[in-house]
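Source file: target-v8.txt (compact mmCIF, C-alpha atoms)
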```txt
# COMPACT_ATOMS: atom_id res chain seq x y z
CA MET A 1 67.25 6.70 46.92
CA ASN A 2 67.82 5.32 43.46
CA ALA A 3 68.26 1.68 42.56
CA LEU A 4 72.07 1.77 42.46
CA ALA A 5 72.36 3.31 45.91
CA HIS A 6 69.86 0.80 47.24
CA ALA A 7 71.92 -2.07 45.84
CA ALA A 8 75.01 -0.62 47.51
CA ALA A 9 73.11 -0.37 50.79
CA VAL A 10 72.25 -4.05 50.57
CA THR A 11 75.67 -5.35 49.58
CA GLY A 12 78.03 -3.00 51.43
CA VAL A 13 79.16 -2.91 55.05
CA PRO A 14 77.41 -0.32 57.24
CA HIS A 15 79.43 2.44 58.88
CA SER A 16 78.57 1.17 62.37
CA SER A 17 80.39 -2.12 61.68
CA TYR A 18 83.68 -0.28 61.19
CA ILE A 19 83.16 1.77 64.34
CA GLY A 20 82.23 -1.37 66.28
CA LEU A 21 85.43 -3.04 65.10
CA SER A 22 87.35 0.03 66.26
CA VAL A 23 85.76 -0.20 69.73
CA LEU A 24 86.62 -3.90 69.93
CA LEU A 25 90.24 -3.30 68.91
CA PHE A 26 90.54 -0.48 71.45
CA ALA A 27 89.20 -2.75 74.22
CA ILE A 28 91.71 -5.49 73.32
CA GLY A 29 94.57 -2.98 73.33
CA LEU A 30 93.45 -1.57 76.68
CA PHE A 31 93.38 -5.11 78.08
CA GLY A 32 96.98 -5.49 76.93
CA VAL A 33 98.04 -2.21 78.53
CA ALA A 34 96.45 -3.27 81.82
CA ARG A 35 97.95 -6.75 81.70
CA ARG A 36 101.51 -6.43 80.45
CA ARG A 37 104.49 -5.71 82.68
CA ASN A 38 107.19 -5.85 80.04
CA PRO A 39 107.52 -2.27 78.70
CA LEU A 40 108.17 -3.54 75.16
CA LEU A 41 104.87 -5.46 75.13
CA LEU A 42 103.17 -2.45 76.71
CA LEU A 43 104.27 -0.40 73.69
CA LEU A 44 102.90 -3.08 71.36
CA SER A 45 99.50 -2.76 73.07
CA VAL A 46 99.66 1.03 72.72
CA GLU A 47 100.12 0.50 68.98
CA LEU A 48 96.84 -1.46 69.01
CA LEU A 49 95.11 1.51 70.67
CA LEU A 50 96.46 3.93 68.05
CA ASN A 51 95.33 1.61 65.26
CA ALA A 52 91.83 1.46 66.73
CA ALA A 53 91.73 5.26 66.62
CA ASN A 54 92.94 5.18 63.01
CA VAL A 55 90.20 2.73 61.99
CA ALA A 56 87.58 5.08 63.45
CA LEU A 57 89.17 8.13 61.78
CA ILE A 58 89.27 6.50 58.34
CA GLY A 59 85.69 5.30 58.81
CA PHE A 60 84.46 8.79 59.61
CA SER A 61 86.46 10.20 56.70
CA ARG A 62 84.34 8.02 54.43
CA TYR A 63 81.19 8.83 56.38
CA TRP A 64 81.60 12.61 55.97
CA ASN A 65 82.87 12.20 52.41
CA ASN A 66 86.02 14.31 52.81
CA SER A 67 89.73 13.82 53.44
CA ASP A 68 90.03 15.35 56.92
CA GLY A 69 89.89 12.03 58.76
CA GLN A 70 92.66 10.62 56.60
CA ILE A 71 94.82 13.68 57.34
CA PHE A 72 94.22 12.99 61.03
CA ALA A 73 95.18 9.34 60.58
CA LEU A 74 98.46 10.26 58.87
CA VAL A 75 99.33 12.65 61.72
CA VAL A 76 98.51 9.87 64.22
CA MET A 77 100.92 7.58 62.38
CA VAL A 78 103.70 10.17 62.66
CA VAL A 79 103.02 10.52 66.38
CA ALA A 80 103.08 6.73 66.71
CA ALA A 81 106.45 6.53 64.98
CA ALA A 82 107.95 9.24 67.21
CA GLU A 83 106.44 7.58 70.30
CA VAL A 84 107.95 4.20 69.42
CA VAL A 85 111.39 5.72 68.82
CA ILE A 86 111.41 7.55 72.16
CA GLY A 87 109.77 4.64 74.02
CA LEU A 88 112.26 2.07 72.74
CA GLY A 89 115.13 4.49 73.46
CA LEU A 90 113.91 4.79 77.07
CA VAL A 91 113.51 1.02 77.39
CA VAL A 92 117.06 0.42 76.15
CA ALA A 93 118.46 3.16 78.44
CA VAL A 94 116.69 1.72 81.50
CA PHE A 95 117.72 -1.80 80.55
CA ARG A 96 121.40 -0.85 80.35
CA GLN A 97 121.32 0.69 83.84
CA ARG A 98 118.98 -1.68 85.67
CA ARG A 99 119.06 -4.97 83.83
CA ALA A 100 115.35 -5.22 84.56
CA LEU A 101 112.40 -5.14 82.18
CA ASP A 102 109.43 -4.68 84.49
CA VAL A 103 107.48 -1.43 84.67
CA ASP A 104 106.56 -2.19 88.30
CA GLU A 105 110.22 -1.94 89.26
CA MET A 106 110.77 1.44 87.58
CA THR A 107 109.72 3.45 90.61
CA GLU A 108 112.30 6.26 90.72
CA LEU A 109 113.46 8.90 88.29
CA ARG A 110 117.08 9.05 89.53
CA GLY A 111 119.47 8.99 86.58
CA MET B 1 78.84 -8.84 48.67
CA GLY B 2 82.57 -8.57 48.03
CA GLU B 3 83.00 -5.85 50.63
CA GLN B 4 81.14 -7.95 53.19
CA ILE B 5 83.41 -10.98 52.63
CA ALA B 6 86.55 -8.83 52.70
CA PHE B 7 85.34 -7.02 55.83
CA GLY B 8 84.60 -10.30 57.59
CA LEU B 9 88.02 -11.77 56.79
CA THR B 10 89.95 -8.64 57.76
CA ALA B 11 87.91 -8.14 60.93
CA ALA B 12 88.66 -11.73 61.95
CA GLY B 13 92.34 -11.12 61.17
CA ILE B 14 92.42 -7.89 63.18
CA VAL B 15 90.72 -9.31 66.27
CA GLY B 16 92.56 -12.66 66.16
CA CYS B 17 96.02 -11.15 65.74
CA ALA B 18 95.26 -8.45 68.35
CA LEU B 19 94.32 -11.16 70.85
CA LEU B 20 97.59 -12.96 70.03
CA VAL B 21 99.51 -9.68 70.61
CA VAL B 22 97.89 -9.29 74.01
CA LEU B 23 98.00 -12.91 75.18
CA LEU B 24 101.21 -14.49 73.83
CA LYS B 25 103.96 -15.01 76.41
CA ASN B 26 106.80 -14.71 73.93
CA ALA B 27 107.51 -11.06 73.05
CA PHE B 28 109.00 -12.01 69.67
CA GLN B 29 105.85 -13.89 68.65
CA ALA B 30 103.67 -11.02 69.91
CA ALA B 31 105.58 -8.53 67.74
CA VAL B 32 105.16 -10.78 64.70
CA ALA B 33 101.43 -11.15 65.46
CA LEU B 34 101.21 -7.34 65.45
CA ILE B 35 102.18 -7.44 61.77
CA GLY B 36 99.01 -9.47 61.08
CA THR B 37 96.86 -6.83 62.78
CA LEU B 38 98.58 -3.97 60.96
CA VAL B 39 98.29 -5.55 57.50
CA SER B 40 94.61 -6.40 58.16
CA VAL B 41 93.98 -2.79 59.17
CA ALA B 42 95.66 -1.68 55.92
CA ILE B 43 93.27 -3.90 53.93
CA LEU B 44 90.40 -2.32 55.86
CA PHE B 45 91.69 1.12 54.82
CA VAL B 46 91.57 0.05 51.17
CA LEU B 47 87.94 -0.98 51.68
CA GLN B 48 87.28 2.48 53.13
CA HIS B 49 88.53 4.35 50.03
CA ALA B 50 91.86 5.27 51.66
CA PRO B 51 94.54 3.57 49.50
CA PHE B 52 97.28 6.10 50.27
CA VAL B 53 96.84 5.75 54.04
CA ALA B 54 96.84 1.96 53.56
CA PHE B 55 100.23 2.06 51.86
CA VAL B 56 101.64 4.42 54.49
CA GLN B 57 100.27 2.02 57.12
CA ILE B 58 102.18 -0.90 55.61
CA ILE B 59 105.40 1.06 55.01
CA VAL B 60 105.55 2.93 58.33
CA TYR B 61 103.87 0.49 60.72
CA ALA B 62 104.49 -3.00 59.37
CA GLY B 63 107.77 -1.93 57.80
CA ALA B 64 109.53 0.52 60.09
CA ILE B 65 107.90 0.30 63.53
CA VAL B 66 107.66 -3.49 63.81
CA THR B 67 111.20 -3.83 62.46
CA LEU B 68 112.37 -1.43 65.16
CA PHE B 69 110.55 -3.53 67.79
CA LEU B 70 112.11 -6.75 66.52
CA PHE B 71 115.55 -5.11 66.42
CA VAL B 72 115.29 -3.98 70.05
CA LEU B 73 113.97 -7.41 71.11
CA ALA B 74 116.93 -9.09 69.41
CA TYR B 75 119.32 -6.54 70.96
CA LEU B 76 118.04 -7.03 74.50
CA GLY B 77 118.18 -10.81 74.14
CA GLU B 78 116.56 -13.54 76.23
CA ARG B 79 115.64 -11.32 79.15
CA ALA B 80 113.26 -9.26 77.02
CA LEU B 81 111.28 -12.34 76.05
CA SER B 82 110.06 -13.33 79.51
CA ASP B 83 106.84 -11.62 80.47
CA PRO B 84 105.64 -11.81 84.07
CA ASP B 85 102.11 -10.60 83.52
CA ARG B 86 100.06 -8.69 86.03
CA LEU B 87 96.39 -9.36 86.68
CA GLU B 88 96.81 -11.04 90.03
CA HIS B 89 95.76 -8.42 92.56
CA PHE B 90 94.19 -5.82 90.30
CA GLU B 91 92.51 -8.08 87.75
CA VAL B 92 89.04 -6.87 88.72
CA PHE B 93 89.84 -3.23 88.04
CA SER B 94 91.24 -3.84 84.58
CA TRP B 95 88.21 -5.95 83.65
CA ILE B 96 85.85 -3.23 84.96
CA THR B 97 87.71 -0.59 82.93
CA ILE B 98 87.54 -2.63 79.74
CA LEU B 99 83.87 -3.52 80.19
CA VAL B 100 82.94 0.11 80.93
CA ILE B 101 84.82 1.35 77.85
CA THR B 102 83.17 -1.27 75.63
CA ALA B 103 79.72 -0.55 77.08
CA MET B 104 80.25 3.18 76.54
CA GLY B 105 81.17 2.54 72.92
CA ALA B 106 78.11 0.32 72.41
CA ILE B 107 75.75 2.84 74.05
CA VAL B 108 77.11 5.71 71.96
CA MET B 109 76.84 3.62 68.80
CA PHE B 110 73.22 2.65 69.38
CA THR B 111 71.94 6.01 70.64
CA THR B 112 73.88 8.36 68.37
CA ALA B 113 72.04 11.19 66.63
CA LEU B 114 74.27 11.08 63.55
CA PRO B 115 72.17 10.54 60.42
CA ASN B 116 72.58 7.31 58.46
CA PHE B 117 74.95 5.86 61.04
CA HIS B 118 73.78 2.28 60.46
CA THR B 119 73.69 2.38 56.68
CA VAL B 120 76.40 2.12 54.06
CA PRO B 121 78.00 5.55 53.47
CA GLU B 122 78.10 6.64 49.84
CA THR B 123 81.42 7.96 48.61
CA THR B 124 80.91 10.39 45.76
CA GLU B 125 84.19 12.29 45.77
CA ASP B 126 87.87 11.41 45.53
CA ILE B 127 88.89 11.41 49.19
CA GLY B 128 91.80 8.97 49.45
CA SER B 129 94.09 9.36 46.46
CA PRO B 130 97.58 10.86 46.91
CA THR B 131 96.41 13.86 44.84
CA ALA B 132 93.45 14.56 47.10
CA LEU B 133 95.52 14.15 50.26
CA GLY B 134 98.32 16.34 48.91
CA PHE B 135 95.90 19.15 48.10
CA ALA B 136 94.22 18.75 51.50
CA PHE B 137 97.58 18.90 53.30
CA LEU B 138 98.97 21.90 51.43
CA ARG B 139 95.79 23.97 51.05
CA GLU B 140 93.77 23.42 54.23
CA HIS B 141 96.02 21.66 56.75
CA LEU B 142 99.41 23.27 56.28
CA LEU B 143 99.97 23.95 60.00
CA PRO B 144 99.48 20.29 61.08
CA PHE B 145 101.78 19.30 58.22
CA GLU B 146 104.57 21.55 59.51
CA ALA B 147 103.89 20.54 63.12
CA THR B 148 104.32 16.93 62.01
CA SER B 149 107.83 17.67 60.74
CA LEU B 150 108.62 19.36 64.04
CA VAL B 151 107.42 16.28 65.96
CA LEU B 152 109.68 14.06 63.85
CA LEU B 153 112.65 16.40 64.41
CA VAL B 154 112.11 16.39 68.19
CA GLY B 155 111.76 12.60 68.14
CA ALA B 156 115.02 12.17 66.22
CA VAL B 157 116.92 14.57 68.51
CA GLY B 158 115.49 12.84 71.60
CA ALA B 159 116.56 9.42 70.35
CA VAL B 160 120.10 10.67 69.67
CA VAL B 161 120.34 12.28 73.13
CA LEU B 162 119.13 9.06 74.81
CA ALA B 163 121.61 6.93 72.87
CA LYS B 164 124.46 9.39 73.53
CA ARG B 165 123.77 9.37 77.26
CA ALA B 166 123.72 5.57 77.33
CA VAL B 167 127.08 5.44 75.52
CA MET B 168 128.59 8.05 77.86
CA ALA B 169 127.36 6.13 80.90
CA GLU B 170 129.47 3.19 79.76
CA GLY B 171 132.63 5.28 79.38
CA GLY B 172 132.46 6.12 75.69
CA ARG B 173 132.63 9.54 74.16
```

Let me see the structure of the file written as structure tokens.
Amino acid sequence: MNALAHAAAVTGVPHSSYIGLSVLLFAIGLFGVARRRNPLLLLLSVELLLNAANVALIGFSRYWNNSDGQIFALVVMVVAAAEVVIGLGLVVAVFRQRRALDVDEMTELRG
Amino acid sequence: MGEQIAFGLTAAGIVGCALLVVLLKNAFQAAVALIGTLVSVAILFVLQHAPFVAFVQIIVYAGAIVTLFLFVLAYLGERALSDPDRLEHFEVFSWITILVITAMGAIVMFTTALPNFHTVPETTEDIGSPTALGFAFLREHLLPFEATSLVLLVGAVGAVVLAKRAVMAEGGR
């Protein structure tokens, strides 16, 4: 290890810090998913989970020194966008029929 | 030193805003707090040599997705803002789940066999520029790229079908 790399090792942030932050963000998002009843806020917590996965993917992209993790993260973002569109469409459709915003009351699939 | 300061600030922003998203009663305020988390994550991506993903994060997440959330919240009105939270009868189970997940993450992190896991990774190549990502998408990952467009098409068609059905249910065309 040359002097420059050693200096970077002293001043930079280790890889495990990023992964630890990802674990923490995932736990917070999971807490939100377990706690919320309002489907809109449930979707917000799911966004936190997806972002935690993205933080880990970008961190490992840097760790392995190639672009694959960033490709994964971009695909995850596309999936998140599609999921939000469909999720919000379902919430609005249920709201117009039931006038209720509580996932505990959505117990039947009758149209 | 600069990366450590930036990491500390963005990590505090991510965790603080995420806690606000999870704990705030008002759905509108929770959606705005999500912007703080998303922008902090974008700054973290810049620190990780991923500037293109950082910009896509801000445009798609903080721009489009949160705007869509705020639009639906405004459309649904007052009723969407009240949030009768759970955690009365099943509080124990959710806490157990969260603690087990966090403990699993910690155990994996401290016992992993990956080399140099606890040191600073050295980036020697161009991994995050639009050029690098474009070549990676079109040379090695063409199938996921096309599958992505299919996912977006299905999402758009599904949204139109849902909206059409809602309009028809109210007597429209």

(request) Compare B:Pro115, B:Gln48, B:Ala169, B:Leu20 by their minimum atom-to-atom distance to Gly29 of chain A, counting all atoms listed in the file, and give me the closest one. (result) B:Leu20

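When all atoms listed in the file are used to measure the gap to Thr97 of chain B, the shortest distance among A:Tyr18, A:Phe31, A:Phe26, A:Tyr63 belongs to A:Phe31.
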
Axis-aligned box for segment 119-138 of chain B, 6 Å per side, centre and edges in Å as JSON:
```
{"center_x": 86.3, "center_y": 12.0, "center_z": 50.8, "size_x": 37.3, "size_y": 31.8, "size_z": 23.8}
```

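Between atom CA of Leu152 of chain B and atom CA of Leu68 of chain B lies a distance of 15.8 Å.
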
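Between atom CA of Asn65 of chain A and atom CA of Gly36 of chain B the separation is 28.4 Å.
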
(request) Find the residues of chain A in contact range of chain B, meaning any atom within 7 Å when counting only C-alpha atoms, and list them as a ChimeraX atom specification. (result) /A:9,11-16,23,25,27-28,30-32,34-38,41,45,58-59,62-63,65-67,70,74-75,78,81-82,85-86,89,93,101

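With atom CA of Ala80 of chain A on one side and atom CA of Leu49 of chain A on the other, the separation reads 10.3 Å.
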
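Each of A:Leu90, A:Met106, A:Ile71, A:Leu21 was checked against Leu43 of chain A using all atoms listed in the file; the smallest atom-to-atom distance is that of A:Leu90.
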
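Every protein or nucleic acid residue with an atom no more than 8 Å from Phe72 of chain A, counting all atoms listed in the file and leaving out same-chain residues fewer than 4 positions away, appears here: Leu57, Asp68 and Val76 of chain A.
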
Those selected residues, please, written with C-alpha atoms and delivered as a compact mmCIF listing (two decimals), in the frame of the given file.
```txt
# COMPACT_ATOMS: atom_id res chain seq x y z
CA LEU A 57 89.17 8.13 61.78
CA ASP A 68 90.03 15.35 56.92
CA VAL A 76 98.51 9.87 64.22
```
